[in-house]
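Enquirer: One structure is given below, represented as structure tokens, and several questions about it will come after.
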Amino acid sequence: MTLIDLHEAAERLDRWFTECPAAAVAFSGGVDSALVAYWARRCLGREGCTAWTADSPSLKRIDLEIAQAFCADHDIVQRLVETREIDDPDYARNASDRCFHCKKTLYRTILAELAKSGDAVWVCSGANLEDQADYRPGLLAAADASVHHPLLECGIGKSTVRALARHHGLRVWNKPASPCLSSRIPYGQPVTKEKLARIEAAEAWMLEQGFPVCRVRHHGETARLEVPADRIQELKLARPDFSGVFVVLGFARIEIDDEGFVSGKLNRAIGKAGTGV
């Protein structure tokens with residue numbers, strides 16, 4: 001990524017936002033939506049930008065804290081909305097279109113709140129160029145709700161997103177992908193608040209042990225742990241020290257995935273490309 005590339009990407013975003021009357025950014029706290037929120041604030045001012053974060057059991061508390069800190073750092077008005085998608089049977093049954101139902105609920109909630117003011121506001125997502133080649137049922141929900149995708153529409157992919165975020169001093173520029181906790185539950189196995197809490201507690205403990213990139217996959221009574229391939233042996237050596245912790249958290253046993261962390265692994269069961277989960 002050269003400075004000329006970054007300059008061109010920045011110009012594209014600047015031009016894109018000249019057409020936007022105001023932006024309501026669906027903001028998860030990740031680098032993609034963070035860059036969109038930052039750029040909306042930069043181009044439209046404080047009154048023209050709001051960041052909407054879905055506060056639900058599937059969102060890690062640490063990610064919520066990161067999202068709140070980001071908005072405070074950049075003087076962005078943040079709205080927390082209780083989307084309650086877990087109460088939707090279509091979401092809770094956890095079929096391969098789970099993300100569609102999640103995003104549908106989020107966008108409908110945002111649009112309903114925006115309708116109260118009657119102002120012209122575009123709902124924007126953090127989808128980037130590479131998401132088009134991925135399995136993203138959430139994009140179908142976005143299309144149904146007429147959501148705009150500044151990064152994707154400007155032809156900006158993930159590496160450029162991170163480079164732009166770093167160039168503009170956004171602390172989340174290198175934040176690892178952190179999809180929702182429901183993505184740790186294999187398709188077809190119901191999503192419950194209890195499972196989500198168990199997964200979150202387990203991953204929080206893994207973070208405390210020095211594994212910032214990890215997944216705790218919920219396979220019934222078994223917790224299947226994924227860490228980067230170059231840290232698998234380290235995890236195995238530490239296993240005797242933490243097996244009891246997982247029992248306390250509600251798992252009868254643990255397994256260490258010898259392949260290591262691979263984005264989108266659970267989607268292999270439905271023959272789809274990875275989705276960062």
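To be explicit about the labels: the chains of the structure tokens are called A, B, and onward in the order shown, and within each one the residues are counted from 1, while ligands get numbers from 1 in the order they are shown.
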Out of segment 43-138 of chain A, which residues get alpha helix (DSSP H) from DSSP, as JSON, numbers by chain?

Expert: {"A": [43, 44, 61, 62, 63, 64, 65, 66, 67, 68, 69, 70, 71, 72, 73, 89, 90, 91, 92, 98, 99, 100, 101, 102, 103, 104, 105, 106, 107, 108, 109, 110, 111, 112, 113, 114, 115, 137, 138]}

Enquirer: Name the residues in contact with His168 of chain A at a cut-off of 10 Å, using only C-alpha atoms, excluding same-chain residues fewer than 6 positions from it; report them as an mmCIF file with N, CA and C atoms, in the first residue's frame.

Expert:
```
data_model
loop_
_atom_site.group_PDB
_atom_site.id
_atom_site.type_symbol
_atom_site.label_atom_id
_atom_site.label_comp_id
_atom_site.auth_asym_id
_atom_site.auth_seq_id
_atom_site.Cartn_x
_atom_site.Cartn_y
_atom_site.Cartn_z
ATOM 1 N N LEU A 35 -13.769 2.877 10.478
ATOM 2 C CA LEU A 35 -13.281 3.798 9.450
ATOM 3 C C LEU A 35 -14.442 4.548 8.802
ATOM 4 N N TYR A 38 -15.602 7.169 11.293
ATOM 5 C CA TYR A 38 -14.611 8.237 11.350
ATOM 6 C C TYR A 38 -14.736 9.155 10.137
ATOM 7 N N ARG A 162 -7.264 -1.050 6.677
ATOM 8 C CA ARG A 162 -6.324 -1.014 7.813
ATOM 9 C C ARG A 162 -5.254 0.062 7.606
#
```

Enquirer: I'd like the interatomic distance between atom CA of Thr50 of chain A and atom CA of Pro137 of chain A, to a tenth of an Å.

Expert: 24.4 Å

Enquirer: Can you list, as a list in words, every residue of segment 13-224 of chain A that DSSP puts in strand (DSSP E)?

Expert: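 Taking segment 13-224 of chain A and keeping strand (DSSP E) gives Ala23, Ala24, Val25, Ala26, Cys49, Thr50, Ala51, Trp52, Thr53, Ala54, Val77, Gln78, Arg79, Leu80, Val81, Trp122, Val123, Cys124, Arg215, Val216, Arg217, His218, His219, Thr222, Ala223 and Arg224 of chain A.
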
Enquirer: Please produce a file of those selected residues containing C-alpha atoms, as a tab-separated table (two decimals), in the first residue's frame.

Expert:
```
chain	number	residue	atom	x	y	z
A	23	ALA	CA	-24.96	8.98	8.00
A	24	ALA	CA	-26.17	6.45	10.54
A	25	VAL	CA	-23.35	3.94	10.69
A	26	ALA	CA	-23.99	0.38	11.85
A	49	CYS	CA	-22.94	11.35	11.83
A	50	THR	CA	-24.22	8.84	14.36
A	51	ALA	CA	-22.83	5.41	15.18
A	52	TRP	CA	-25.39	2.72	16.01
A	53	THR	CA	-24.22	-0.25	18.03
A	54	ALA	CA	-26.37	-3.32	18.61
A	77	VAL	CA	-22.51	10.45	18.77
A	78	GLN	CA	-23.20	6.81	19.60
A	79	ARG	CA	-26.58	5.19	19.93
A	80	LEU	CA	-26.88	1.83	21.68
A	81	VAL	CA	-29.87	-0.21	20.59
A	122	TRP	CA	-28.39	7.09	4.96
A	123	VAL	CA	-27.80	3.91	6.92
A	124	CYS	CA	-24.21	2.83	6.23
A	215	ARG	CA	-11.93	-19.00	19.12
A	216	VAL	CA	-13.78	-21.17	21.61
A	217	ARG	CA	-16.15	-23.26	19.51
A	218	HIS	CA	-19.17	-24.52	21.43
A	219	HIS	CA	-19.75	-28.20	20.58
A	222	THR	CA	-16.96	-29.79	24.44
A	223	ALA	CA	-15.03	-26.56	23.98
A	224	ARG	CA	-12.89	-26.73	20.84
```

Enquirer: Figure out the distance between atom CA of Val121 of chain A and atom CA of Phe17 of chain A, please, to one decimal in Å.

Expert: 11.9 Å

Enquirer: Of the residues A:Leu44, A:Ile86, A:Leu111, A:Ile185, which is the one nearest to Ser146 of chain A, using only C-alpha atoms?

Expert: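 Among A:Leu44, A:Ile86, A:Leu111, A:Ile185, it is A:Leu111 that comes nearest to Ser146 of chain A.
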
Enquirer: Check the smallest atom-to-atom distance from each of A:Gly250, A:Gly220, A:Gly157, A:Pro57 to Pro186 of chain A using only C-alpha atoms, then report the winner.

Expert: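 The answer is A:Gly220, which sits nearest to Pro186 of chain A.
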
Enquirer: Compare A:Ala133, A:Ala120, A:Ala112, A:Val191 by their minimum atom-to-atom distance to Ala145 of chain A, counting only C-alpha atoms, and give me the closest one.

Expert: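 Smallest distance to Ala145 of chain A is found for A:Ala112.
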
Enquirer: With a distance cut-off of 10 Å and only C-alpha atoms, select the neighbouring residues of segment 172-181 of chain A, excluding the residue or stretch itself and same-chain residues fewer than 6 positions from it, and output the selection as a PDB file with C-alpha atoms, in the first residue's frame.

Expert:
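What follows is the written file result.pdb:
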```pdb
ATOM      1  CA  SER A  28     -19.630  -2.925  15.681  1.00  0.00           C
ATOM      2  CA  GLY A  29     -16.332  -1.536  16.933  1.00  0.00           C
ATOM      3  CA  GLY A  30     -14.315  -3.322  14.249  1.00  0.00           C
ATOM      4  CA  VAL A  31     -11.913  -1.528  11.948  1.00  0.00           C
ATOM      5  CA  ASP A  32     -14.214  -1.479   8.894  1.00  0.00           C
ATOM      6  CA  ALA A  34     -14.842   2.356  12.593  1.00  0.00           C
ATOM      7  CA  LEU A  35     -13.281   3.798   9.450  1.00  0.00           C
ATOM      8  CA  SER A  56     -27.049  -7.843  22.545  1.00  0.00           C
ATOM      9  CA  PRO A  57     -25.791 -11.056  24.206  1.00  0.00           C
ATOM     10  CA  SER A  58     -23.883 -11.916  21.035  1.00  0.00           C
ATOM     11  CA  LEU A  59     -21.647  -8.845  21.343  1.00  0.00           C
ATOM     12  CA  LYS A  60     -18.584  -9.235  23.548  1.00  0.00           C
ATOM     13  CA  ASP A  63     -15.958  -5.051  21.934  1.00  0.00           C
ATOM     14  CA  ILE A  66     -13.851  -0.579  22.454  1.00  0.00           C
ATOM     15  CA  ALA A  67     -16.718   0.828  20.390  1.00  0.00           C
ATOM     16  CA  PHE A  70     -13.658   4.942  19.856  1.00  0.00           C
ATOM     17  CA  CYS A  99     -26.572 -13.411   9.899  1.00  0.00           C
ATOM     18  CA  VAL A 161      -9.018  -0.128   5.292  1.00  0.00           C
ATOM     19  CA  ARG A 162      -6.324  -1.014   7.813  1.00  0.00           C
ATOM     20  CA  ALA A 163      -3.759   1.205   6.109  1.00  0.00           C
ATOM     21  CA  LEU A 164      -6.124   4.178   6.076  1.00  0.00           C
ATOM     22  CA  ALA A 165      -7.086   3.586   9.690  1.00  0.00           C
ATOM     23  CA  ARG A 166      -3.441   3.449  10.714  1.00  0.00           C
ATOM     24  CA  VAL A 191     -28.196 -20.123  19.981  1.00  0.00           C
ATOM     25  CA  LYS A 195     -24.102 -20.592  25.457  1.00  0.00           C
ATOM     26  CA  LEU A 196     -23.085 -17.076  24.470  1.00  0.00           C
ATOM     27  CA  ALA A 197     -22.171 -16.180  28.052  1.00  0.00           C
ATOM     28  CA  ARG A 198     -20.127 -19.360  28.381  1.00  0.00           C
ATOM     29  CA  ILE A 199     -18.232 -18.660  25.157  1.00  0.00           C
ATOM     30  CA  GLU A 200     -17.576 -15.053  26.106  1.00  0.00           C
ATOM     31  CA  GLU A 203     -12.541 -16.324  25.353  1.00  0.00           C
ATOM     32  CA  PRO A 212      -5.692 -12.383  21.828  1.00  0.00           C
ATOM     33  CA  VAL A 213      -6.515 -14.327  18.664  1.00  0.00           C
ATOM     34  CA  CYS A 214      -8.571 -17.355  19.603  1.00  0.00           C
ATOM     35  CA  ARG A 215     -11.928 -19.004  19.124  1.00  0.00           C
ATOM     36  CA  VAL A 216     -13.778 -21.168  21.612  1.00  0.00           C
ATOM     37  CA  ARG A 217     -16.148 -23.262  19.513  1.00  0.00           C
ATOM     38  CA  HIS A 218     -19.174 -24.519  21.426  1.00  0.00           C
ATOM     39  CA  SER A 263     -11.342 -17.814   9.538  1.00  0.00           C
ATOM     40  CA  THR A 275     -16.679 -15.142   6.783  1.00  0.00           C
ATOM     41  CA  GLY A 276     -14.208 -14.174   9.451  1.00  0.00           C
ATOM     42  CA  VAL A 277     -15.856 -16.324  12.083  1.00  0.00           C
TER      43      VAL A 277
END
```

Enquirer: Near Leu237 of chain A, counting only C-alpha atoms, which residues have an atom at most 12 Å away, once you skip same-chain residues fewer than 6 positions from it, shown as number ranges by chain?

Expert: A: 231, 243, 256

Enquirer: Include N, CA and C atoms and write out the residues we just selected as a PDB file, in the first residue's frame.

Expert:
```pdb
ATOM      1  N   ARG A 231       1.072 -21.143  17.664  1.00  0.00           N
ATOM      2  CA  ARG A 231       0.926 -21.119  19.119  1.00  0.00           C
ATOM      3  C   ARG A 231       0.229 -22.372  19.658  1.00  0.00           C
ATOM      4  N   SER A 243      -7.439 -26.748  32.118  1.00  0.00           N
ATOM      5  CA  SER A 243      -8.565 -27.648  31.872  1.00  0.00           C
ATOM      6  C   SER A 243      -9.668 -27.457  32.906  1.00  0.00           C
ATOM      7  N   ILE A 256      -8.190 -29.277  21.496  1.00  0.00           N
ATOM      8  CA  ILE A 256      -7.367 -28.272  20.838  1.00  0.00           C
ATOM      9  C   ILE A 256      -7.314 -28.606  19.354  1.00  0.00           C
TER      10      ILE A 256
END
```

Enquirer: Let me make sure I understand: among A:Gly138, A:Pro150, A:Gly118, A:Gly169, which one has the smallest atom-to-atom distance to Ala40 of chain A if we use only C-alpha atoms?

Expert: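 The closest residue to Ala40 of chain A is A:Pro150.
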
Enquirer: Please, what distance in Å, to one decimal, runs between atom CA of Thr109 of chain A and atom CA of Ala37 of chain A?

Expert: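 Spanning atom CA of Thr109 of chain A to atom CA of Ala37 of chain A is a straight-line distance of 18.3 Å.
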
Enquirer: Tell me, as a list of chain:residue names, which residues lie within 10 Å of Ile232 of chain A, counting only C-alpha atoms; anything in the same chain fewer than 6 positions away does not count.

Expert: A:Leu225, A:Glu226, A:Ala238, A:Ile256, A:Asp257, A:Asp258, A:Glu259, A:Gly260, A:Phe261

Enquirer: Save the residues we just selected, C-alpha atoms, as a PDB file, in the first residue's frame?

Expert:
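part_26.pdb, freshly written:
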```pdb
ATOM      1  CA  LEU A 225     -10.069 -24.231  21.043  1.00  0.00           C
ATOM      2  CA  GLU A 226      -8.472 -22.552  18.054  1.00  0.00           C
ATOM      3  CA  ALA A 238      -0.479 -25.066  29.142  1.00  0.00           C
ATOM      4  CA  ILE A 256      -7.367 -28.272  20.838  1.00  0.00           C
ATOM      5  CA  ASP A 257      -7.789 -27.904  17.099  1.00  0.00           C
ATOM      6  CA  ASP A 258      -4.549 -29.090  15.502  1.00  0.00           C
ATOM      7  CA  GLU A 259      -5.211 -27.100  12.339  1.00  0.00           C
ATOM      8  CA  GLY A 260      -5.222 -23.881  14.297  1.00  0.00           C
ATOM      9  CA  PHE A 261      -7.373 -20.806  13.858  1.00  0.00           C
TER      10      PHE A 261
END
```

Enquirer: I'd like to know which of A:Ile62, A:Ala69, A:Ala252, A:Cys102 is closest to Arg84 of chain A, using only C-alpha atoms.

Expert: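 Distance minimum relative to Arg84 of chain A lands on A:Cys102.
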
Enquirer: Counting only C-alpha atoms, figure out which residue out of A:Ala201, A:Val262, A:Thr18, A:His74 gets nearest to Val245 of chain A.

Expert: A:Ala201
